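What follows is one structure encoded as structure tokens, with my remarks underneath.
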Amino acid sequence: MDELIHSRITLEQKWLNNGGPSFSVTIDGIGNIEYKDVNNAKTRVDQISKITQEDVVELLNDAETIYFFSLRDRYGDLKNFPNSPQISISIHHGNRYKNITYIKDKSIRLPRSLLMFEKKIEKITNVSSWTDIV
């Protein structure tokens with residue numbers, strides 16, 4: 001349980017050319033959500049929200065299911081794709097930490113499971129209420 005309390009899941013999105021919403025959303029182990037607007041998001045004020053601890057456990061279990069900690073650290077380079085968003089997902093759980101950064105562009109081959117995990121984080125945190133993401 002102590003391991004869960006100190007867990008963190010962060011999803012960040014940024015654009016090199018400011019072409020879309022840039023933000024970060026962090027979930028801690030007890031379900032607190034902290035949203036920070038970086039640029040061009042619908043909500044320009046930092047927000048705080050909450051999900052259940054069961055939702056946090058579900059996300060951490062999903063990370064294990066998709067072998068998150070074994071995936072590559074990087075997929076694509078933002079400098080080569082200035083008109084596409086760069087997504088970073090990081091998880092700190094127990095003694096493990098992993099950050100995966102990728103470009104969301106059709107020409108980049110991404111694990112489908114990673115994209116589905118991103119969507120699940122967005123859904124559970126209801127990030128669309130603060131950004132223009134659907």
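Residue numbering restarts at 1 in every chain; chains get A, B, ... in the order shown in the structure tokens, and ligands count up from 1 in that same order.
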
Go through stretch 7-42 of chain A and flag each residue having an atom no more than 9 Å from stretch 83-98 of chain A; for those, report the closest pair of atoms plus their distance in Å to one decimal, using only C-alpha atoms, ordered by chain and rising number, as JSON lines.
```
{"residue": "A:Ser7", "atom": "CA", "partner": "A:His93", "partner_atom": "CA", "distance": 4.6}
{"residue": "A:Arg8", "atom": "CA", "partner": "A:His92", "partner_atom": "CA", "distance": 5.1}
{"residue": "A:Ile9", "atom": "CA", "partner": "A:Ile91", "partner_atom": "CA", "distance": 4.6}
{"residue": "A:Thr10", "atom": "CA", "partner": "A:Ser90", "partner_atom": "CA", "distance": 5.2}
{"residue": "A:Leu11", "atom": "CA", "partner": "A:Ile89", "partner_atom": "CA", "distance": 4.6}
{"residue": "A:Glu12", "atom": "CA", "partner": "A:Ser88", "partner_atom": "CA", "distance": 5.1}
{"residue": "A:Gln13", "atom": "CA", "partner": "A:Ile87", "partner_atom": "CA", "distance": 4.6}
{"residue": "A:Lys14", "atom": "CA", "partner": "A:Gln86", "partner_atom": "CA", "distance": 5.3}
{"residue": "A:Trp15", "atom": "CA", "partner": "A:Pro85", "partner_atom": "CA", "distance": 4.8}
{"residue": "A:Leu16", "atom": "CA", "partner": "A:Asn83", "partner_atom": "CA", "distance": 7.1}
{"residue": "A:Asn17", "atom": "CA", "partner": "A:Asn83", "partner_atom": "CA", "distance": 6.5}
{"residue": "A:Asn18", "atom": "CA", "partner": "A:Asn83", "partner_atom": "CA", "distance": 8.6}
{"residue": "A:Gly19", "atom": "CA", "partner": "A:Asn83", "partner_atom": "CA", "distance": 6.7}
{"residue": "A:Gly20", "atom": "CA", "partner": "A:Pro85", "partner_atom": "CA", "distance": 7.5}
{"residue": "A:Pro21", "atom": "CA", "partner": "A:Pro85", "partner_atom": "CA", "distance": 8.7}
{"residue": "A:Ser22", "atom": "CA", "partner": "A:Pro85", "partner_atom": "CA", "distance": 8.4}
{"residue": "A:Gly29", "atom": "CA", "partner": "A:His93", "partner_atom": "CA", "distance": 8.8}
```

With N, CA and C atoms kept, could you save the residues just selected as a PDB file, in the first residue's frame?
```
ATOM      1  N   SER A   7       3.187   6.417  -5.735  1.00  0.00           N
ATOM      2  CA  SER A   7       3.176   6.256  -7.190  1.00  0.00           C
ATOM      3  C   SER A   7       2.745   7.554  -7.866  1.00  0.00           C
ATOM      4  N   ARG A   8       3.187   7.706  -9.124  1.00  0.00           N
ATOM      5  CA  ARG A   8       2.821   8.873  -9.928  1.00  0.00           C
ATOM      6  C   ARG A   8       2.729   8.461 -11.391  1.00  0.00           C
ATOM      7  N   ILE A   9       1.694   8.963 -12.048  1.00  0.00           N
ATOM      8  CA  ILE A   9       1.536   8.772 -13.487  1.00  0.00           C
ATOM      9  C   ILE A   9       1.368  10.164 -14.089  1.00  0.00           C
ATOM     10  N   THR A  10       2.191  10.489 -15.072  1.00  0.00           N
ATOM     11  CA  THR A  10       2.119  11.807 -15.706  1.00  0.00           C
ATOM     12  C   THR A  10       1.974  11.655 -17.213  1.00  0.00           C
ATOM     13  N   LEU A  11       1.056  12.414 -17.770  1.00  0.00           N
ATOM     14  CA  LEU A  11       0.861  12.505 -19.218  1.00  0.00           C
ATOM     15  C   LEU A  11       1.089  13.962 -19.601  1.00  0.00           C
ATOM     16  N   GLU A  12       1.996  14.177 -20.552  1.00  0.00           N
ATOM     17  CA  GLU A  12       2.272  15.532 -21.031  1.00  0.00           C
ATOM     18  C   GLU A  12       2.122  15.563 -22.540  1.00  0.00           C
ATOM     19  N   GLN A  13       1.613  16.676 -23.034  1.00  0.00           N
ATOM     20  CA  GLN A  13       1.531  16.884 -24.469  1.00  0.00           C
ATOM     21  C   GLN A  13       2.119  18.250 -24.777  1.00  0.00           C
ATOM     22  N   LYS A  14       2.952  18.303 -25.825  1.00  0.00           N
ATOM     23  CA  LYS A  14       3.472  19.599 -26.257  1.00  0.00           C
ATOM     24  C   LYS A  14       3.638  19.606 -27.767  1.00  0.00           C
ATOM     25  N   TRP A  15       3.643  20.818 -28.303  1.00  0.00           N
ATOM     26  CA  TRP A  15       3.802  21.056 -29.728  1.00  0.00           C
ATOM     27  C   TRP A  15       5.003  21.971 -29.923  1.00  0.00           C
ATOM     28  N   LEU A  16       5.852  21.665 -30.870  1.00  0.00           N
ATOM     29  CA  LEU A  16       7.011  22.497 -31.154  1.00  0.00           C
ATOM     30  C   LEU A  16       6.591  23.864 -31.675  1.00  0.00           C
ATOM     31  N   ASN A  17       5.552  23.903 -32.521  1.00  0.00           N
ATOM     32  CA  ASN A  17       5.145  25.158 -33.157  1.00  0.00           C
ATOM     33  C   ASN A  17       3.916  25.788 -32.499  1.00  0.00           C
ATOM     34  N   ASN A  18       3.574  25.384 -31.280  1.00  0.00           N
ATOM     35  CA  ASN A  18       2.395  25.898 -30.562  1.00  0.00           C
ATOM     36  C   ASN A  18       1.104  25.658 -31.342  1.00  0.00           C
ATOM     37  N   GLY A  19       1.053  24.581 -32.115  1.00  0.00           N
ATOM     38  CA  GLY A  19      -0.099  24.306 -32.955  1.00  0.00           C
ATOM     39  C   GLY A  19      -1.276  23.676 -32.261  1.00  0.00           C
ATOM     40  N   GLY A  20      -1.133  23.289 -31.029  1.00  0.00           N
ATOM     41  CA  GLY A  20      -2.234  22.642 -30.324  1.00  0.00           C
ATOM     42  C   GLY A  20      -2.070  22.796 -28.833  1.00  0.00           C
ATOM     43  N   PRO A  21      -2.981  22.193 -28.064  1.00  0.00           N
ATOM     44  CA  PRO A  21      -2.918  22.337 -26.612  1.00  0.00           C
ATOM     45  C   PRO A  21      -1.704  21.618 -26.012  1.00  0.00           C
ATOM     46  N   SER A  22      -0.982  22.340 -25.193  1.00  0.00           N
ATOM     47  CA  SER A  22       0.149  21.773 -24.462  1.00  0.00           C
ATOM     48  C   SER A  22      -0.211  21.794 -22.984  1.00  0.00           C
ATOM     49  N   GLY A  29      -0.717   8.512  -6.223  1.00  0.00           N
ATOM     50  CA  GLY A  29      -1.161   7.186  -5.807  1.00  0.00           C
ATOM     51  C   GLY A  29      -2.469   7.146  -5.050  1.00  0.00           C
TER      52      GLY A  29
END
```

Could you jot down the atom CA of A:Asp62 to atom CA of A:Asn32 separation for me, Å, one decimal place? 18.5 Å

Neighbour list for stretch 118-124 of chain A as a PyMOL selection string, cut-off 12 Å, only C-alpha atoms, skip fewer than 4 positions in-chain: chain A and resi 9-13+23-27+31-33+35+49-60+62-63+66+68+87-91+100-102+104+110-114+128-134

When DSSP works through the backbone of this structure, what residues of stretch 4-86 of chain A end up as strand (DSSP E or B), shown as a VMD selection string? chain A and resid 8 to 15 22 to 28 32 to 39 47 to 50 74 to 75 85 to 86

Alpha helix (DSSP H) positions in stretch 7-122 of chain A, given as an MDAnalysis selection string: chainID A and resid 53:65 112:122
